[in-house]
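Peer 1: Below is a structure I'd like to ask you about.
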Amino acid sequence: MRALGIETSCDETAVAVVEADAAGLRLIRQRLATRPEESTALGGIVPELTVRQHLELLPKLTRETLEAGGNLNAVGATAGPGLAPALLVGLAFGKSLAWARQSSFHAINHLEGHIFSPFVSRGKWPEYPHLALIASGGHTLLVDAPDSSRRKVVGSTRDDAAGEAFDKLARMVGLGYPGGPEIEREAAQGEVGKIHLPRPMKGSEEGDFSFSGLKNAARLLLEKQPEMARPGALRSYFCAEAQAAIAECLADRCRLALKRTQRKVLTVSGGVSGNRVVARALEEAARSEGATLLSPASGWNTDNAGMIAAVTARRHLDGADSDWGTDADPRWSVASDQNGA
Ligand code: KG4
Ligand code: ZN
């Protein structure tokens, strides 16, 4: 069967088609456009610009994606969580396309897409049980998945998401957006421990994450040493330390959750999972608990439509169509007991 997925939960506009059967799946084609240039210049998401981009690009990207030909059995669109007006555009477009092509329609949870990505980017369906870390610009969550129908959030951020912390710290020292890759690049010239930044929640018996203390400590440090925000050795020390602090916090929380759940597979997804220092720290955490780490293949870390098409295909194969009246839910939880959209 073939499934088309639409992703418009934030500022990426993406459409992908996958071919799938009970044994696995493969990506046939994907078209993806990142945030409008004006938004980057303005330093954040401008809903009006983002929605206009989705409206303009969806028909074009869909046409290009469908040029690969073949039947379309299912259409899915991200219905949440995300930016409400952005979700509404993708969802309405997805329903119309599904109706016109007489295919099944599926409202997809964006976070479930991330959870699928380490597996489906390698052509496989998710394996259970596993523990999933989602570390993106909007979310930092640890999800325990005992089987395909149950998901429990065992840790979440009390303030900023890990990617948001990268973005804010990068901005503080004059680096561009997205901040994660900028910090990673700059940190490669630096050294950890030359300056000190805190590791919030590290060692805590509570399972949550927190990154606002890191941001505040960085702000105080920069007030004392403003030259840290200019190109040079000091800025690279700052970036190396900030990156190490975030990586250690993520790894520490995963170690605790692995210990508690006794899962032997740890997965990671979301933009931050592309960071090599983070990946190394997570690998070590998994190994120390006798588990293995599974990361998305390149191109599947950040927001994409392949992961949405993959969940759509799974739903279609399971005969679990969505109601045509399903609405967008900007706060749709990934926990299985709130899966009712
Ligand atoms: O998953 P994603 O595309 O979007 C959300 O669903 O939020 O993640 C984007 C986030 C941004 O905050 C970006 O700075 C971060 O992922 N990111 C990284 C790296 N690449 C992207 N953070 C650290 N290191 C990277 N290499
Ligand atoms: Zn995302």
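Letters A, B, ... go to the chains of the structure tokens in the order shown; residues in each chain start at 1; ligands are counted from 1 in the same order.
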Find the residues near Val15 (chain A): any atom within 7 Å, counting only C-alpha atoms, skip ones fewer than 4 places away on the same chain, and give them as number ranges by chain.
Peer 2: A: 5-7, 30-32, 61-62, 65, 305
Peer 1: Keeping only N, CA and C atoms, take the residues you just selected and write them out as a PDB file, in the first residue's frame.
Peer 2:
```
ATOM      1  N   GLY A   5       1.913  11.441   3.685  1.00  0.00           N
ATOM      2  CA  GLY A   5       1.873  12.148   4.964  1.00  0.00           C
ATOM      3  C   GLY A   5       2.134  13.628   4.779  1.00  0.00           C
ATOM      4  N   ILE A   6       1.425  14.433   5.560  1.00  0.00           N
ATOM      5  CA  ILE A   6       1.560  15.892   5.497  1.00  0.00           C
ATOM      6  C   ILE A   6       1.978  16.411   6.861  1.00  0.00           C
ATOM      7  N   GLU A   7       3.036  17.224   6.894  1.00  0.00           N
ATOM      8  CA  GLU A   7       3.519  17.762   8.167  1.00  0.00           C
ATOM      9  C   GLU A   7       3.517  19.300   8.103  1.00  0.00           C
ATOM     10  N   GLN A  30      10.037  12.532  -0.851  1.00  0.00           N
ATOM     11  CA  GLN A  30       9.673  13.568   0.119  1.00  0.00           C
ATOM     12  C   GLN A  30      10.026  14.944  -0.428  1.00  0.00           C
ATOM     13  N   ARG A  31       9.158  15.911  -0.153  1.00  0.00           N
ATOM     14  CA  ARG A  31       9.455  17.309  -0.474  1.00  0.00           C
ATOM     15  C   ARG A  31       9.316  18.105   0.809  1.00  0.00           C
ATOM     16  N   LEU A  32      10.321  18.927   1.118  1.00  0.00           N
ATOM     17  CA  LEU A  32      10.319  19.636   2.397  1.00  0.00           C
ATOM     18  C   LEU A  32      10.829  21.065   2.212  1.00  0.00           C
ATOM     19  N   LEU A  61       4.095  20.995  -3.393  1.00  0.00           N
ATOM     20  CA  LEU A  61       4.893  19.883  -2.858  1.00  0.00           C
ATOM     21  C   LEU A  61       4.156  18.560  -3.025  1.00  0.00           C
ATOM     22  N   THR A  62       2.832  18.589  -2.871  1.00  0.00           N
ATOM     23  CA  THR A  62       2.044  17.360  -3.018  1.00  0.00           C
ATOM     24  C   THR A  62       2.094  16.875  -4.469  1.00  0.00           C
ATOM     25  N   THR A  65       5.382  15.338  -5.072  1.00  0.00           N
ATOM     26  CA  THR A  65       5.536  14.062  -4.370  1.00  0.00           C
ATOM     27  C   THR A  65       4.779  12.959  -5.106  1.00  0.00           C
ATOM     28  N   ALA A 305       8.078  14.735   6.815  1.00  0.00           N
ATOM     29  CA  ALA A 305       6.774  14.133   6.538  1.00  0.00           C
ATOM     30  C   ALA A 305       6.875  12.622   6.390  1.00  0.00           C
TER      31      ALA A 305
END
```
Peer 1: When DSSP works through the backbone of this structure, what residues of region 200-290 of chain A end up as strand (DSSP E or B), shown as a list in words?
Peer 2: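 Residues meeting the strand (DSSP E or B) criterion: Phe209, Val265, Leu266, Thr267, Val268 and Ser269 of chain A.
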Peer 1: If you count only C-alpha atoms and all ligand atoms, which residues end up within 10 Å of ligand 1, as an NGL selection string?
Peer 2: :A and (9-12 or 34 or 81-82 or 110-111 or 114 or 134-140 or 161-170 or 176-185 or 243 or 246-247 or 269-279 or 299-304)
Peer 1: Find the residues near Trp125 (chain A): any atom within 8 Å, counting only C-alpha atoms, skip ones fewer than 6 places away on the same chain, and give them as a list in words.
Peer 2: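 Here the answer would be Ala23, Gly24, Leu25, Phe116 and Phe119 of chain A.
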Peer 1: Hey, can you spit out that residue selection with C-alpha atoms as a PDB file, in the first residue's frame?
Peer 2:
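Contents of again.pdb, freshly written:
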```pdb
ATOM      1  CA  ALA A  23       7.068  -6.504   6.870  1.00  0.00           C
ATOM      2  CA  GLY A  24       8.247  -2.900   6.631  1.00  0.00           C
ATOM      3  CA  LEU A  25       8.299   0.238   4.523  1.00  0.00           C
ATOM      4  CA  PHE A 116       8.448   6.060  14.830  1.00  0.00           C
ATOM      5  CA  PHE A 119      12.668   2.566  13.246  1.00  0.00           C
TER       6      PHE A 119
END
```
Peer 1: Could you work out how far atom 1 (Zn, counted along the ligand's line) of ligand 2 lies from CA of Asp329 (chain A), giving the answer in Å with one decimal?
Peer 2: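 Interatomic distance here is 14.9 Å.
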Peer 1: Just want the 7 Å neighbourhood of Arg263 (chain A), counted on only C-alpha atoms, with same-chain residues fewer than 6 positions away dropped. Output as a list in words.
Peer 2: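 Near neighbours after the sequence-gap exclusion: Pro129, His130 and Leu131 of chain A.
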Peer 1: Considering only C-alpha atoms, give me a table of residues in region 2-34 of chain A that are at most 6 Å from region 306-316 of chain A, with the closest atom pair and distance in Å for each, as a tab-separated table.
Peer 2:
```
residue	atom	partner	partner_atom	distance
A:Ala3	CA	A:Ala313	CA	5.3
A:Leu4	CA	A:Ala309	CA	5.1
A:Gly5	CA	A:Ala309	CA	3.7
A:Ala16	CA	A:Gly306	CA	5.2
```
Peer 1: Can you list, as number ranges by chain, every protein, DNA or RNA residue that comes within 8 Å of region 320-325 of chain A when you count only C-alpha atoms, leaving out same-chain residues fewer than 3 positions away?
Peer 2: A: 95, 104-107, 315-317, 341
Peer 1: DSSP on the backbone: what in region 132-329 of chain A comes out helix (DSSP H, G or I), as a ChimeraX atom specification?
Peer 2: /A:162-172,179-187,212-224,226-229,233-261,271-274,276-288,306-317
Peer 1: Which of these, A:Ala92, A:Met1, A:Leu58, A:Ala86, has the shortest distance to Asp327 (chain A) once you count only C-alpha atoms?
Peer 2: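 Residue with the minimum atom-to-atom distance to Asp327 (chain A): A:Ala92.
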Peer 1: Could you tell me which of A:Ala240, A:Leu197, A:Ala335, A:Ile115 comes closest to Pro296 (chain A) if we count only C-alpha atoms?
Peer 2: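 Checking each of A:Ala240, A:Leu197, A:Ala335, A:Ile115 against Pro296 (chain A), counting only C-alpha atoms, the winner is A:Ile115.
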Peer 1: Hey, which of A:Val120, A:Ala251, A:Val334, A:Ala188 ends up closest to Ala297 (chain A)? Count only C-alpha atoms.
Peer 2: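 Closest residue, counting only C-alpha atoms: A:Val120.
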